[in-house]
Amino acid sequence: MVGVAITALLAGYLAISFRVAETVTRVDRLPLEPSATSIAATHEDVSFRNRDGIPLKGWWFEVARADRAAVIVHGRGRNRVNSDFMPAQIAKLLLVHGYSVLLFDLRGHGESGGTRYTLGIEEPRDILAAIDLAASKADIDRARVALIGESLGGGSALMTVQADPTIGPVVTDSAFADADTVVSESATKYTNLPSWFTPGIVLTSRLFLGLDISQVKPSRVVAAHPERPFLFIQCVDDTTVPLHHGLDLKAASRNARTELWIVPGCEHVMAFATHRDEWADHVLGFLGRELGNEKPVRVPAGILAAARRGG
């Protein structure tokens with residue numbers, strides 16, 4: 001009888017774990033707000049496919065004759081423009097400083113195809129396709145396309161370096177250093193289950209959904225590429241991706257140009273919202289050093305006007 005009871009309890013535990021794993025890796029599709037016209041007077045709606053063939057959608061904002069571009073990668077449950085990270089405002093900042101910008105939806109988010117996110121396992125295939133598109137649209141080398149990723153997008157951007165070390169400079173805001181660790185720390189926030197369900201959720205995700213998060217270790221990617229500098233941004237009061245992740249990422253880098261900006265008084269991905277001028281100084285300074293001195297470009301009046309309206 002004891003054996004039967006234990007078997008029944010284990011079966012129930014695994015069944016609940018799988019149901020939660022199947023549910024938590026899917027997110028609600030948020031509206032695309034604010035609109036593209038709040039960023040610039042003109043843009044191009046773009047549709048492209050990732051390296052698995054999944055259709056992705058986004059907005060392309062071009063600065064004529066710009067010699068650099070940026071791809072912004074959103075976080076879990078967000079989309080190209082709807083996030084506390086304030087991608088619309090960041091895009092305007094970049095445009096004013098001579099960067100063409102691609103905002104796009106990762107798989108399983110926004111208007112893109114796919115059914116679930118994978119915590120950085122498969123997202124690099126989306127990001128590589130976005131880099132390819134931005135480089136082609138801007139007619140520049142892929143190494144001149146910067147990546148700016150928040151949270152899931154930040155961890156995925158770092159994993160993209162593993163997939164293709166030749167990509168351009170990488171900036172992450174609230175990125176995790178290790179997927180297993182961040183899941184163990186924050187799973188209860190998303191599952192509403194006791195922490196002892198987390199191992200079951202991780203196990204059933206691997207067995208039945210093919211999602212082995214043990215392979216997602218951005219800090220190892222950073223350590224494996226000492227030739228590359230990174231800029232890591234981490235809020236002190238982050239309760240989703242705790243402060244030690246930023247410290248771990250910085251400690252993993254052996255490049256003297258790698259920077260970690262620890263931001264006081266802000267929650268997850270809120271560094272730009274709470275410290276806008278300093279965020280701009282850190283990010284534009286880092287990208288300017290890595291891509292070379294900015295060439296003067298003529299920024300269209302519509303972009304300047306939109307930037308002034310957005311503050």
# chains A, B, ... in the order shown; residues from 1 in each chain; ligands from 1
$ residues_around --residues "Val24 (chain A)" --least-positions-apart "5" --cutoff "10 Å" --atoms "only C-alpha atoms" --output "list in words"
Phe18, Arg19, Arg116, Tyr117, Ala187, Tyr190, Thr191 and Ile201 of chain A
$ write_last_selection --atoms "N, CA, C and O atoms" --output "PDB file, in the first residue's frame"
ATOM      1  N   PHE A  18       4.146  18.819 -15.359  1.00  0.00           N
ATOM      2  CA  PHE A  18       4.072  18.931 -16.814  1.00  0.00           C
ATOM      3  C   PHE A  18       3.026  19.951 -17.229  1.00  0.00           C
ATOM      4  O   PHE A  18       3.265  20.754 -18.141  1.00  0.00           O
ATOM      5  N   ARG A  19       1.878  19.919 -16.573  1.00  0.00           N
ATOM      6  CA  ARG A  19       0.826  20.882 -16.938  1.00  0.00           C
ATOM      7  C   ARG A  19       1.319  22.310 -16.766  1.00  0.00           C
ATOM      8  O   ARG A  19       1.090  23.176 -17.617  1.00  0.00           O
ATOM      9  N   ARG A 116       5.830  28.968 -27.983  1.00  0.00           N
ATOM     10  CA  ARG A 116       6.365  29.106 -26.641  1.00  0.00           C
ATOM     11  C   ARG A 116       7.777  29.699 -26.683  1.00  0.00           C
ATOM     12  O   ARG A 116       8.451  29.656 -27.712  1.00  0.00           O
ATOM     13  N   TYR A 117       8.191  30.263 -25.563  1.00  0.00           N
ATOM     14  CA  TYR A 117       9.573  30.730 -25.437  1.00  0.00           C
ATOM     15  C   TYR A 117      10.406  29.600 -24.857  1.00  0.00           C
ATOM     16  O   TYR A 117       9.888  28.650 -24.268  1.00  0.00           O
ATOM     17  N   ALA A 187      10.896  30.838 -10.176  1.00  0.00           N
ATOM     18  CA  ALA A 187       9.812  30.033 -10.739  1.00  0.00           C
ATOM     19  C   ALA A 187       8.500  30.221  -9.984  1.00  0.00           C
ATOM     20  O   ALA A 187       7.421  30.299 -10.588  1.00  0.00           O
ATOM     21  N   TYR A 190       6.028  32.816 -11.113  1.00  0.00           N
ATOM     22  CA  TYR A 190       5.244  32.585 -12.330  1.00  0.00           C
ATOM     23  C   TYR A 190       4.329  31.375 -12.236  1.00  0.00           C
ATOM     24  O   TYR A 190       3.327  31.295 -12.954  1.00  0.00           O
ATOM     25  N   THR A 191       4.646  30.417 -11.372  1.00  0.00           N
ATOM     26  CA  THR A 191       3.863  29.191 -11.299  1.00  0.00           C
ATOM     27  C   THR A 191       2.842  29.186 -10.165  1.00  0.00           C
ATOM     28  O   THR A 191       1.875  28.416 -10.201  1.00  0.00           O
ATOM     29  N   ILE A 201       9.023  20.648 -12.768  1.00  0.00           N
ATOM     30  CA  ILE A 201       8.723  21.465 -13.951  1.00  0.00           C
ATOM     31  C   ILE A 201       9.907  21.464 -14.908  1.00  0.00           C
ATOM     32  O   ILE A 201       9.750  21.313 -16.124  1.00  0.00           O
TER      33      ILE A 201
END
$ select_by_dssp --residues "region 144-300 of chain A" --states "strand (DSSP E or B)" --output "number ranges by chain"
A: 145-150, 170-173, 230-235, 259-263
$ atom_distance --atom1 "CA of Val283 (chain A)" --atom2 "CA of Leu247 (chain A)"
17.9 Å
$ closest_residue --among "A:Ser151, A:Ser100, A:Gln215, A:Ser83" --to "Ala179 (chain A)" --atoms "only C-alpha atoms"
A:Gln215
$ closest_residue --among "A:Leu193, A:Leu287, A:Ala129, A:Val202" --to "Asp180 (chain A)" --atoms "only C-alpha atoms"
A:Val202
$ closest_residue --among "A:Ser184, A:Ser47, A:Ser205, A:Ser38" --to "Thr23 (chain A)" --atoms "only C-alpha atoms"
A:Ser205
$ closest_residue --among "A:Leu203, A:Trp60, A:Leu119, A:Ile127" --to "Leu95 (chain A)" --atoms "only C-alpha atoms"
A:Trp60
$ select_by_dssp --residues "region 215-304 of chain A" --states "alpha helix (DSSP H)" --output "MDAnalysis selection string"
chainID A and resid 218:224 243:252 271:274 276:291 301:304
$ write_last_selection --atoms "C-alpha atoms" --output "short mmCIF file (atom, residue, chain, number, x, y, z; two decimals), in the first residue's frame"
data_model
loop_
_atom_site.label_atom_id
_atom_site.label_comp_id
_atom_site.auth_asym_id
_atom_site.auth_seq_id
_atom_site.Cartn_x
_atom_site.Cartn_y
_atom_site.Cartn_z
CA PRO A 218 25.30 32.85 -20.54
CA SER A 219 28.14 33.29 -18.05
CA ARG A 220 29.97 30.37 -19.67
CA VAL A 221 29.54 31.99 -23.07
CA VAL A 222 31.00 35.23 -21.70
CA ALA A 223 33.95 33.32 -20.22
CA ALA A 224 34.53 31.49 -23.50
CA LEU A 243 21.80 41.30 -8.52
CA HIS A 244 24.27 38.43 -8.35
CA HIS A 245 23.54 37.56 -12.01
CA GLY A 246 25.08 40.84 -13.15
CA LEU A 247 28.02 40.29 -10.83
CA ASP A 248 28.46 36.73 -12.11
CA LEU A 249 28.43 37.88 -15.74
CA LYS A 250 31.02 40.57 -15.07
CA ALA A 251 33.22 38.12 -13.15
CA ALA A 252 33.06 35.67 -16.09
CA ALA A 271 17.25 51.18 -15.32
CA PHE A 272 16.32 53.29 -18.35
CA ALA A 273 13.00 54.37 -16.86
CA THR A 274 14.63 55.52 -13.61
CA ARG A 276 17.56 57.71 -18.37
CA ASP A 277 20.51 60.06 -18.84
CA GLU A 278 22.96 57.68 -17.17
CA TRP A 279 21.61 54.75 -19.19
CA ALA A 280 22.18 56.74 -22.37
CA ASP A 281 25.71 57.67 -21.31
CA HIS A 282 26.66 54.08 -20.53
CA VAL A 283 25.09 52.48 -23.60
CA LEU A 284 26.00 55.11 -26.19
CA GLY A 285 29.49 55.39 -24.74
CA PHE A 286 30.06 51.64 -24.88
CA LEU A 287 28.65 51.23 -28.39
CA GLY A 288 30.55 54.29 -29.61
CA ARG A 289 33.83 52.82 -28.39
CA GLU A 290 33.14 49.40 -29.88
CA LEU A 291 31.85 50.63 -33.24
CA ALA A 301 13.27 65.94 -38.83
CA GLY A 302 10.43 63.50 -38.12
CA ILE A 303 12.68 61.40 -35.91
CA LEU A 304 13.91 64.46 -34.02
#
$ closest_residue --among "A:Thr42, A:Thr7, A:Asn255, A:Ser112" --to "Pro55 (chain A)" --atoms "only C-alpha atoms"
A:Ser112
$ decode --residues "region 62-159 of chain A" --atoms "C-alpha atoms" --output "CSV table (one decimal), in the first residue's frame"
chain,number,residue,atom,x,y,z
A,62,GLU,CA,16.2,53.7,-40.9
A,63,VAL,CA,18.6,56.6,-40.6
A,64,ALA,CA,19.9,57.3,-44.1
A,65,ARG,CA,23.6,56.7,-44.6
A,66,ALA,CA,24.0,55.4,-41.1
A,67,ASP,CA,27.0,53.2,-40.6
A,68,ARG,CA,25.5,51.3,-37.6
A,69,ALA,CA,22.3,49.7,-36.5
A,70,ALA,CA,20.8,48.2,-33.4
A,71,VAL,CA,18.5,45.3,-32.7
A,72,ILE,CA,16.5,45.5,-29.5
A,73,VAL,CA,15.5,42.1,-28.0
A,74,HIS,CA,12.5,42.1,-25.6
A,75,GLY,CA,11.9,40.0,-22.5
A,76,ARG,CA,9.5,37.2,-21.5
A,77,GLY,CA,5.9,38.0,-22.0
A,78,ARG,CA,6.5,41.3,-23.7
A,79,ASN,CA,6.9,42.3,-27.3
A,80,ARG,CA,8.9,44.6,-29.6
A,81,VAL,CA,7.5,47.8,-28.0
A,82,ASN,CA,5.3,46.9,-25.0
A,83,SER,CA,7.7,46.6,-22.0
A,84,ASP,CA,8.8,48.3,-18.8
A,85,PHE,CA,12.2,48.4,-20.6
A,86,MET,CA,10.7,51.3,-22.7
A,87,PRO,CA,11.9,50.1,-26.1
A,88,ALA,CA,10.1,52.9,-27.9
A,89,GLN,CA,12.0,55.5,-26.0
A,90,ILE,CA,15.3,53.6,-26.4
A,91,ALA,CA,14.7,53.3,-30.1
A,92,LYS,CA,14.2,57.1,-30.3
A,93,LEU,CA,17.4,57.7,-28.4
A,94,LEU,CA,19.3,55.5,-30.8
A,95,LEU,CA,17.8,57.0,-33.9
A,96,VAL,CA,18.8,60.5,-32.8
A,97,HIS,CA,22.3,59.3,-32.4
A,98,GLY,CA,22.5,57.9,-35.9
A,99,TYR,CA,21.6,54.2,-35.4
A,100,SER,CA,19.0,52.5,-37.6
A,101,VAL,CA,16.9,50.3,-35.4
A,102,LEU,CA,15.0,47.0,-35.7
A,103,LEU,CA,12.3,46.2,-33.1
A,104,PHE,CA,10.9,42.7,-33.5
A,105,ASP,CA,8.9,40.1,-31.7
A,106,LEU,CA,10.6,36.9,-30.6
A,107,ARG,CA,9.0,33.5,-31.2
A,108,GLY,CA,5.8,33.0,-29.2
A,109,HIS,CA,5.4,36.8,-28.6
A,110,GLY,CA,3.7,39.7,-30.3
A,111,GLU,CA,2.8,39.0,-34.0
A,112,SER,CA,5.6,36.4,-34.5
A,113,GLY,CA,5.0,32.7,-35.0
A,114,GLY,CA,5.8,30.0,-32.6
A,115,THR,CA,4.0,28.8,-29.6
A,116,ARG,CA,6.4,29.1,-26.6
A,117,TYR,CA,9.6,30.7,-25.4
A,118,THR,CA,12.6,28.6,-24.6
A,119,LEU,CA,14.7,30.7,-22.2
A,120,GLY,CA,17.5,31.2,-24.6
A,121,ILE,CA,17.7,27.7,-26.2
A,122,GLU,CA,16.2,28.6,-29.5
A,123,GLU,CA,15.8,32.4,-29.4
A,124,PRO,CA,19.3,32.9,-30.8
A,125,ARG,CA,17.9,31.7,-34.1
A,126,ASP,CA,15.4,34.5,-34.0
A,127,ILE,CA,18.1,37.0,-33.1
A,128,LEU,CA,20.5,35.9,-35.9
A,129,ALA,CA,17.8,36.3,-38.4
A,130,ALA,CA,17.1,39.8,-37.0
A,131,ILE,CA,20.8,40.7,-37.3
A,132,ASP,CA,20.8,39.5,-40.9
A,133,LEU,CA,17.8,41.6,-41.7
A,134,ALA,CA,19.2,44.8,-40.1
A,135,ALA,CA,22.5,44.4,-41.8
A,136,SER,CA,20.8,43.9,-45.1
A,137,LYS,CA,18.5,46.8,-44.7
A,138,ALA,CA,21.2,49.2,-43.6
A,139,ASP,CA,23.7,47.8,-46.1
A,140,ILE,CA,26.4,47.4,-43.4
A,141,ASP,CA,28.5,44.5,-42.1
A,142,ARG,CA,26.8,42.3,-39.5
A,143,ALA,CA,29.5,43.2,-37.0
A,144,ARG,CA,28.1,46.8,-37.0
A,145,VAL,CA,24.7,45.7,-35.8
A,146,ALA,CA,24.6,46.0,-32.0
A,147,LEU,CA,22.4,43.9,-29.8
A,148,ILE,CA,20.5,45.4,-26.8
A,149,GLY,CA,18.6,42.8,-24.9
A,150,GLU,CA,16.4,42.9,-21.8
A,151,SER,CA,15.9,40.0,-19.4
A,152,LEU,CA,15.1,36.9,-21.5
A,153,GLY,CA,16.3,39.0,-24.5
A,154,GLY,CA,19.6,39.7,-22.7
A,155,GLY,CA,20.3,36.1,-21.8
A,156,SER,CA,19.3,35.1,-25.4
A,157,ALA,CA,21.6,37.8,-26.8
A,158,LEU,CA,24.5,36.3,-24.9
A,159,MET,CA,23.7,32.8,-26.1
